[in-house]
Amino acid sequence: MNIAGGSFEIKLLLFAQFREVIGQKELLYKVTIGSTPASVLRSLIEEYPDLARLESVTKFIVNEEFVPGDYKLSPGDTLALIPPVAGGRDDSSDSRSHIH
Amino acid sequence: MIAVTQDPISIDELISSVSHPGAGAIVIFLGVVRDNNEGRKVRYLEYESYEPAAKASMQKICGFATDKWPGVRISAVHRVGKLNIGDISVAVVASAPHRQEAFAAARFVIDSIKEESPIWKKEIFEGGEVWIGDPSLS
């Protein structure tokens with residue numbers, strides 16, 4: 001893929017609050033070399049300040065794998081922004097163990 | 001069977017998918033749309049998923065459960081789209097030689113799906129709407 005002028009495109013997938021505020025399910029998004037999921041989220045929040053409340057609670061999936069916020073994005077990556085999931089537990093007991 | 005679907009969930013199909021001659025217990029958990037939440041009168045819910053990632057997450061959770069409780073077979077289906085009061089939103093069915101493992105595995109799987117799988121729920125209530133889990137709620 002062509003990396004012209006220090007920038008490239010990724011595919012951004014938007015769900016729930018992100019989809020509603022931005023008004024699209026997916027879009028091609030231009031990023032600079034060295035961009036990370038966290039930096040993409042930051043620049044979206046600059047454009048859409050309503051999303052600021054989600055900054056600290058959003059997780060990231062790149063090419064269908066969870067990645068940390070400082071993951072280095074590459075041309076052609078698909079980045080999904082994952083706002084908090086429904087969660088919701090009926091009581092305080094917890095049968096889970098963490099599996100990622 | 002692991003699936004995310006727009007269609008009503010068929011319990012019979014899920015039971016068949018985990019039945020086998022060595023299974024002496026089958027536990028069925030159904031999540032059902034309720035008409036109230038935290039004092040709000042719920043009109044309906046809208047579920048949305050990142051489908052491939054949700055399926056992969058559910059697959060991983062069920063795989064973890066079958067490793068943890070050998071002999072258990074599990075199916076899980078989550079419905080998405082608009083769901084009305086009384087509709088089944090999620091079903092987890094676990095078979096095992098004995099009931100203890102079937103209960104434990106079903107409980108683990110539903111708790112983990114709700115906590116981890118990329119599936120979102122918007123509650124449309126009388127007077128407004130809210131994404132469950134949104135920080136503005138807490």
# chains A, B, ... in the order shown; residues from 1 in each chain; ligands from 1
>>> residues_around(residues="stretch 18-23 of chain A", least_positions_apart="2", cutoff="12 Å", atoms="only C-alpha atoms", output="PyMOL selection string")
(chain A and resi 12-16+25-27+41+44-45+47-55+58+80-84) or (chain B and resi 48-50+120+122+130-131+134)
>>> write_last_selection(atoms="C-alpha atoms", output="mmCIF file, in the first residue's frame")
data_model
loop_
_atom_site.group_PDB
_atom_site.id
_atom_site.type_symbol
_atom_site.label_atom_id
_atom_site.label_comp_id
_atom_site.auth_asym_id
_atom_site.auth_seq_id
_atom_site.Cartn_x
_atom_site.Cartn_y
_atom_site.Cartn_z
ATOM 1 C CA LEU A 12 -12.592 2.579 11.244
ATOM 2 C CA LEU A 13 -15.560 0.572 12.553
ATOM 3 C CA LEU A 14 -18.035 2.431 14.745
ATOM 4 C CA PHE A 15 -20.614 0.939 17.077
ATOM 5 C CA ALA A 16 -23.243 2.132 19.546
ATOM 6 C CA LYS A 25 -20.935 2.578 10.734
ATOM 7 C CA GLU A 26 -17.552 2.630 9.071
ATOM 8 C CA LEU A 27 -15.278 5.070 7.365
ATOM 9 C CA LEU A 41 -9.728 8.192 19.443
ATOM 10 C CA LEU A 44 -12.131 11.886 16.910
ATOM 11 C CA ILE A 45 -12.923 13.403 20.293
ATOM 12 C CA GLU A 47 -13.853 16.582 16.228
ATOM 13 C CA TYR A 48 -16.799 15.248 18.278
ATOM 14 C CA PRO A 49 -16.460 16.535 21.879
ATOM 15 C CA ASP A 50 -19.626 14.613 22.878
ATOM 16 C CA LEU A 51 -17.491 11.466 22.802
ATOM 17 C CA ALA A 52 -15.040 12.710 25.458
ATOM 18 C CA ARG A 53 -16.828 10.809 28.219
ATOM 19 C CA LEU A 54 -15.896 7.546 26.461
ATOM 20 C CA GLU A 55 -12.158 8.198 26.163
ATOM 21 C CA THR A 58 -13.102 2.539 25.203
ATOM 22 C CA ALA A 80 -12.916 -1.012 15.828
ATOM 23 C CA LEU A 81 -13.700 1.300 18.729
ATOM 24 C CA ILE A 82 -15.311 -0.708 21.520
ATOM 25 C CA PRO A 83 -17.346 1.359 24.001
ATOM 26 C CA PRO A 84 -18.361 -0.306 27.304
ATOM 27 C CA GLU B 48 -25.960 -4.177 18.300
ATOM 28 C CA SER B 49 -22.826 -6.302 17.890
ATOM 29 C CA TYR B 50 -19.474 -6.343 16.175
ATOM 30 C CA TRP B 120 -24.194 -3.308 23.076
ATOM 31 C CA LYS B 122 -29.623 0.549 24.042
ATOM 32 C CA VAL B 130 -29.486 5.300 26.971
ATOM 33 C CA TRP B 131 -26.672 2.924 26.056
ATOM 34 C CA ASP B 134 -22.304 4.448 29.193
#
>>> select_by_dssp(residues="chain B", states="helix (DSSP H, G or I)", output="PyMOL selection string")
chain B and resi 11-18+51-68+99-116+135-137
>>> residues_around(residues="stretch 75-80 of chain B", least_positions_apart="4", cutoff="8 Å", atoms="only C-alpha atoms", output="list of chain:residue names")
B:Met1, B:Ile2, B:Ala3, B:Val4, B:Thr5, B:Gln6, B:Asp7, B:Pro8, B:Ile9, B:Leu14, B:Ser17, B:Val18, B:Glu46, B:Tyr47, B:Glu48, B:Ser49, B:Met58, B:Cys62, B:Ile88, B:Ser89, B:Val90, B:Ala91, B:Val92, B:Val93, B:Ala94
>>> closest_atom_pairs(of="chain B", to="chain A", cutoff="9 Å", atoms="only C-alpha atoms", output="Markdown table")
| residue | atom | partner | partner_atom | distance |
| --- | --- | --- | --- | --- |
| B:Tyr47 | CA | A:Ala16 | CA | 9.0 |
| B:Glu48 | CA | A:Ala16 | CA | 7.0 |
| B:Ser49 | CA | A:Phe15 | CA | 7.6 |
| B:Tyr50 | CA | A:Phe15 | CA | 7.4 |
| B:Pro52 | CA | A:Glu64 | CA | 7.4 |
| B:Ala53 | CA | A:Glu64 | CA | 5.8 |
| B:Ala56 | CA | A:Glu64 | CA | 8.5 |
| B:Lys60 | CA | A:Ile99 | CA | 8.4 |
| B:Ile61 | CA | A:Ile99 | CA | 7.7 |
| B:Phe64 | CA | A:Ile99 | CA | 7.8 |
| B:Ala104 | CA | A:Ser95 | CA | 7.9 |
| B:Arg107 | CA | A:Ser95 | CA | 6.8 |
| B:Phe108 | CA | A:Ser95 | CA | 5.2 |
| B:Val109 | CA | A:Arg96 | CA | 8.1 |
| B:Asp111 | CA | A:Arg96 | CA | 6.7 |
| B:Ser112 | CA | A:Arg96 | CA | 6.1 |
| B:Ile113 | CA | A:Gly87 | CA | 8.3 |
| B:Lys114 | CA | A:Gly87 | CA | 4.7 |
| B:Glu115 | CA | A:Gly87 | CA | 4.6 |
| B:Glu116 | CA | A:Val85 | CA | 7.0 |
| B:Ser117 | CA | A:Val85 | CA | 7.2 |
| B:Pro118 | CA | A:Val85 | CA | 6.1 |
| B:Ile119 | CA | A:Val85 | CA | 5.9 |
| B:Trp120 | CA | A:Val85 | CA | 5.2 |
| B:Lys121 | CA | A:Ala86 | CA | 5.6 |
| B:Lys122 | CA | A:Ala16 | CA | 8.0 |
| B:Trp131 | CA | A:Gln17 | CA | 7.3 |
| B:Ile132 | CA | A:Ala86 | CA | 5.3 |
| B:Gly133 | CA | A:Pro84 | CA | 5.4 |
| B:Asp134 | CA | A:Pro84 | CA | 6.5 |
| B:Pro135 | CA | A:Arg53 | CA | 6.6 |
| B:Ser136 | CA | A:Arg53 | CA | 7.4 |
>>> write_last_selection(atoms="C-alpha atoms", output="PDB file, in the first residue's frame")
ATOM      1  CA  TYR B  47     -28.934  -4.703  20.595  1.00  0.00           C
ATOM      2  CA  GLU B  48     -25.960  -4.177  18.300  1.00  0.00           C
ATOM      3  CA  SER B  49     -22.826  -6.302  17.890  1.00  0.00           C
ATOM      4  CA  TYR B  50     -19.474  -6.343  16.175  1.00  0.00           C
ATOM      5  CA  PRO B  52     -17.178 -11.469  13.943  1.00  0.00           C
ATOM      6  CA  ALA B  53     -15.558 -10.262  17.163  1.00  0.00           C
ATOM      7  CA  ALA B  56     -14.977 -15.078  18.358  1.00  0.00           C
ATOM      8  CA  LYS B  60     -13.343 -18.375  23.258  1.00  0.00           C
ATOM      9  CA  ILE B  61     -15.518 -18.221  26.379  1.00  0.00           C
ATOM     10  CA  PHE B  64     -12.562 -21.974  28.115  1.00  0.00           C
ATOM     11  CA  ALA B 104     -21.425 -23.936  36.662  1.00  0.00           C
ATOM     12  CA  ARG B 107     -23.322 -19.472  34.657  1.00  0.00           C
ATOM     13  CA  PHE B 108     -19.710 -18.857  33.720  1.00  0.00           C
ATOM     14  CA  VAL B 109     -20.573 -18.501  30.037  1.00  0.00           C
ATOM     15  CA  ASP B 111     -21.515 -13.890  32.968  1.00  0.00           C
ATOM     16  CA  SER B 112     -18.486 -13.790  30.658  1.00  0.00           C
ATOM     17  CA  ILE B 113     -20.506 -12.970  27.511  1.00  0.00           C
ATOM     18  CA  LYS B 114     -22.194 -10.063  29.277  1.00  0.00           C
ATOM     19  CA  GLU B 115     -18.883  -8.789  30.589  1.00  0.00           C
ATOM     20  CA  GLU B 116     -16.662  -9.209  27.544  1.00  0.00           C
ATOM     21  CA  SER B 117     -18.366  -9.838  24.208  1.00  0.00           C
ATOM     22  CA  PRO B 118     -18.687  -6.755  21.962  1.00  0.00           C
ATOM     23  CA  ILE B 119     -22.489  -6.549  22.082  1.00  0.00           C
ATOM     24  CA  TRP B 120     -24.194  -3.308  23.076  1.00  0.00           C
ATOM     25  CA  LYS B 121     -27.653  -2.663  24.448  1.00  0.00           C
ATOM     26  CA  LYS B 122     -29.623   0.549  24.042  1.00  0.00           C
ATOM     27  CA  TRP B 131     -26.672   2.924  26.056  1.00  0.00           C
ATOM     28  CA  ILE B 132     -26.243   0.549  28.986  1.00  0.00           C
ATOM     29  CA  GLY B 133     -22.665   0.829  30.283  1.00  0.00           C
ATOM     30  CA  ASP B 134     -22.304   4.448  29.193  1.00  0.00           C
ATOM     31  CA  PRO B 135     -20.269   6.425  31.752  1.00  0.00           C
ATOM     32  CA  SER B 136     -23.001   9.103  31.836  1.00  0.00           C
TER      33      SER B 136
END
>>> atom_distance(atom1="atom CA of B:Leu137", atom2="atom CA of B:Lys55")
27.3 Å
>>> atom_distance(atom1="atom CA of B:Pro21", atom2="atom CA of B:Thr66")
17.4 Å
>>> residues_around(residues="A:Leu28", least_positions_apart="5", cutoff="9 Å", atoms="only C-alpha atoms", output="count of residues only")
4
>>> closest_residue(among="B:Pro97, B:Gly63, B:Gly127, B:Gly86", to="B:Val27", atoms="only C-alpha atoms")
B:Pro97
>>> select_by_dssp(residues="stretch 28-75 of chain B", states="strand (DSSP E)", output="list of chain:residue names")
B:Ile28, B:Phe29, B:Leu30, B:Gly31, B:Val32, B:Asn36, B:Asn37, B:Arg40, B:Lys41, B:Val42, B:Arg43, B:Tyr44, B:Leu45, B:Glu46, B:Tyr47, B:Glu48, B:Ser49, B:Arg73, B:Ile74, B:Ser75
>>> residues_around(residues="A:Pro68", least_positions_apart="5", cutoff="10 Å", atoms="only C-alpha atoms", output="list in words")
Thr36, Pro37, Ala38, Lys59, Phe60, Ile61 and Val62 of chain A
>>> write_last_selection(atoms="N, CA and C atoms", output="PDB file, in the first residue's frame")
ATOM      1  N   THR A  36      -1.744   5.541  16.772  1.00  0.00           N
ATOM      2  CA  THR A  36      -2.180   4.401  17.590  1.00  0.00           C
ATOM      3  C   THR A  36      -3.702   4.487  17.746  1.00  0.00           C
ATOM      4  N   PRO A  37      -4.337   3.408  18.213  1.00  0.00           N
ATOM      5  CA  PRO A  37      -5.781   3.504  18.468  1.00  0.00           C
ATOM      6  C   PRO A  37      -6.116   4.660  19.407  1.00  0.00           C
ATOM      7  N   ALA A  38      -5.287   4.860  20.437  1.00  0.00           N
ATOM      8  CA  ALA A  38      -5.558   5.946  21.388  1.00  0.00           C
ATOM      9  C   ALA A  38      -5.463   7.311  20.712  1.00  0.00           C
ATOM     10  N   LYS A  59     -12.262   0.378  24.495  1.00  0.00           N
ATOM     11  CA  LYS A  59     -11.219  -0.605  24.166  1.00  0.00           C
ATOM     12  C   LYS A  59     -11.059  -0.640  22.652  1.00  0.00           C
ATOM     13  N   PHE A  60     -10.027  -1.330  22.199  1.00  0.00           N
ATOM     14  CA  PHE A  60      -9.700  -1.302  20.772  1.00  0.00           C
ATOM     15  C   PHE A  60      -9.522  -2.708  20.226  1.00  0.00           C
ATOM     16  N   ILE A  61     -10.073  -2.945  19.036  1.00  0.00           N
ATOM     17  CA  ILE A  61      -9.840  -4.194  18.316  1.00  0.00           C
ATOM     18  C   ILE A  61      -9.249  -3.822  16.962  1.00  0.00           C
ATOM     19  N   VAL A  62      -8.086  -4.394  16.658  1.00  0.00           N
ATOM     20  CA  VAL A  62      -7.489  -4.192  15.338  1.00  0.00           C
ATOM     21  C   VAL A  62      -7.462  -5.539  14.632  1.00  0.00           C
TER      22      VAL A  62
END
>>> decode(residues="stretch 6-70 of chain A", atoms="C-alpha atoms", output="JSON list (two decimals), in the first residue's frame")
[["chain", "number", "residue", "atom", "x", "y", "z"],
["A", 6, "GLY", "CA", 3.70, 10.38, 5.99],
["A", 7, "SER", "CA", 0.07, 9.38, 6.20],
["A", 8, "PHE", "CA", -2.08, 6.38, 5.31],
["A", 9, "GLU", "CA", -5.66, 5.16, 5.59],
["A", 10, "ILE", "CA", -7.22, 2.72, 7.98],
["A", 11, "LYS", "CA", -10.77, 1.41, 8.14],
["A", 12, "LEU", "CA", -12.59, 2.58, 11.24],
["A", 13, "LEU", "CA", -15.56, 0.57, 12.55],
["A", 14, "LEU", "CA", -18.03, 2.43, 14.74],
["A", 15, "PHE", "CA", -20.61, 0.94, 17.08],
["A", 16, "ALA", "CA", -23.24, 2.13, 19.55],
["A", 17, "GLN", "CA", -22.47, 5.68, 20.82],
["A", 18, "PHE", "CA", -19.64, 6.14, 18.29],
["A", 19, "ARG", "CA", -21.89, 5.16, 15.38],
["A", 20, "GLU", "CA", -24.68, 7.45, 16.54],
["A", 21, "VAL", "CA", -22.54, 10.53, 17.25],
["A", 22, "ILE", "CA", -20.39, 10.23, 14.12],
["A", 23, "GLY", "CA", -23.33, 9.12, 12.00],
["A", 24, "GLN", "CA", -21.59, 6.28, 10.15],
["A", 25, "LYS", "CA", -20.93, 2.58, 10.73],
["A", 26, "GLU", "CA", -17.55, 2.63, 9.07],
["A", 27, "LEU", "CA", -15.28, 5.07, 7.37],
["A", 28, "LEU", "CA", -11.84, 5.36, 5.84],
["A", 29, "TYR", "CA", -9.76, 7.44, 8.18],
["A", 30, "LYS", "CA", -6.47, 9.13, 7.36],
["A", 31, "VAL", "CA", -3.78, 8.80, 10.03],
["A", 32, "THR", "CA", -0.13, 9.79, 10.26],
["A", 33, "ILE", "CA", 2.71, 7.30, 10.62],
["A", 34, "GLY", "CA", 3.08, 6.34, 14.28],
["A", 35, "SER", "CA", -0.64, 6.67, 14.96],
["A", 36, "THR", "CA", -2.18, 4.40, 17.59],
["A", 37, "PRO", "CA", -5.78, 3.50, 18.47],
["A", 38, "ALA", "CA", -5.56, 5.95, 21.39],
["A", 39, "SER", "CA", -4.37, 8.77, 19.12],
["A", 40, "VAL", "CA", -7.17, 8.06, 16.62],
["A", 41, "LEU", "CA", -9.73, 8.19, 19.44],
["A", 42, "ARG", "CA", -8.21, 11.47, 20.69],
["A", 43, "SER", "CA", -8.52, 13.10, 17.28],
["A", 44, "LEU", "CA", -12.13, 11.89, 16.91],
["A", 45, "ILE", "CA", -12.92, 13.40, 20.29],
["A", 46, "GLU", "CA", -11.44, 16.72, 19.15],
["A", 47, "GLU", "CA", -13.85, 16.58, 16.23],
["A", 48, "TYR", "CA", -16.80, 15.25, 18.28],
["A", 49, "PRO", "CA", -16.46, 16.53, 21.88],
["A", 50, "ASP", "CA", -19.63, 14.61, 22.88],
["A", 51, "LEU", "CA", -17.49, 11.47, 22.80],
["A", 52, "ALA", "CA", -15.04, 12.71, 25.46],
["A", 53, "ARG", "CA", -16.83, 10.81, 28.22],
["A", 54, "LEU", "CA", -15.90, 7.55, 26.46],
["A", 55, "GLU", "CA", -12.16, 8.20, 26.16],
["A", 56, "SER", "CA", -11.06, 6.35, 29.30],
["A", 57, "VAL", "CA", -13.46, 3.40, 28.89],
["A", 58, "THR", "CA", -13.10, 2.54, 25.20],
["A", 59, "LYS", "CA", -11.22, -0.61, 24.17],
["A", 60, "PHE", "CA", -9.70, -1.30, 20.77],
["A", 61, "ILE", "CA", -9.84, -4.19, 18.32],
["A", 62, "VAL", "CA", -7.49, -4.19, 15.34],
["A", 63, "ASN", "CA", -8.08, -6.81, 12.65],
["A", 64, "GLU", "CA", -10.40, -8.66, 15.06],
["A", 65, "GLU", "CA", -7.92, -8.89, 17.97],
["A", 66, "PHE", "CA", -8.00, -6.77, 21.13],
["A", 67, "VAL", "CA", -4.93, -4.50, 21.22],
["A", 68, "PRO", "CA", -3.60, -1.94, 23.71],
["A", 69, "GLY", "CA", -4.10, 1.78, 23.07],
["A", 70, "ASP", "CA", -0.46, 2.24, 22.09]]
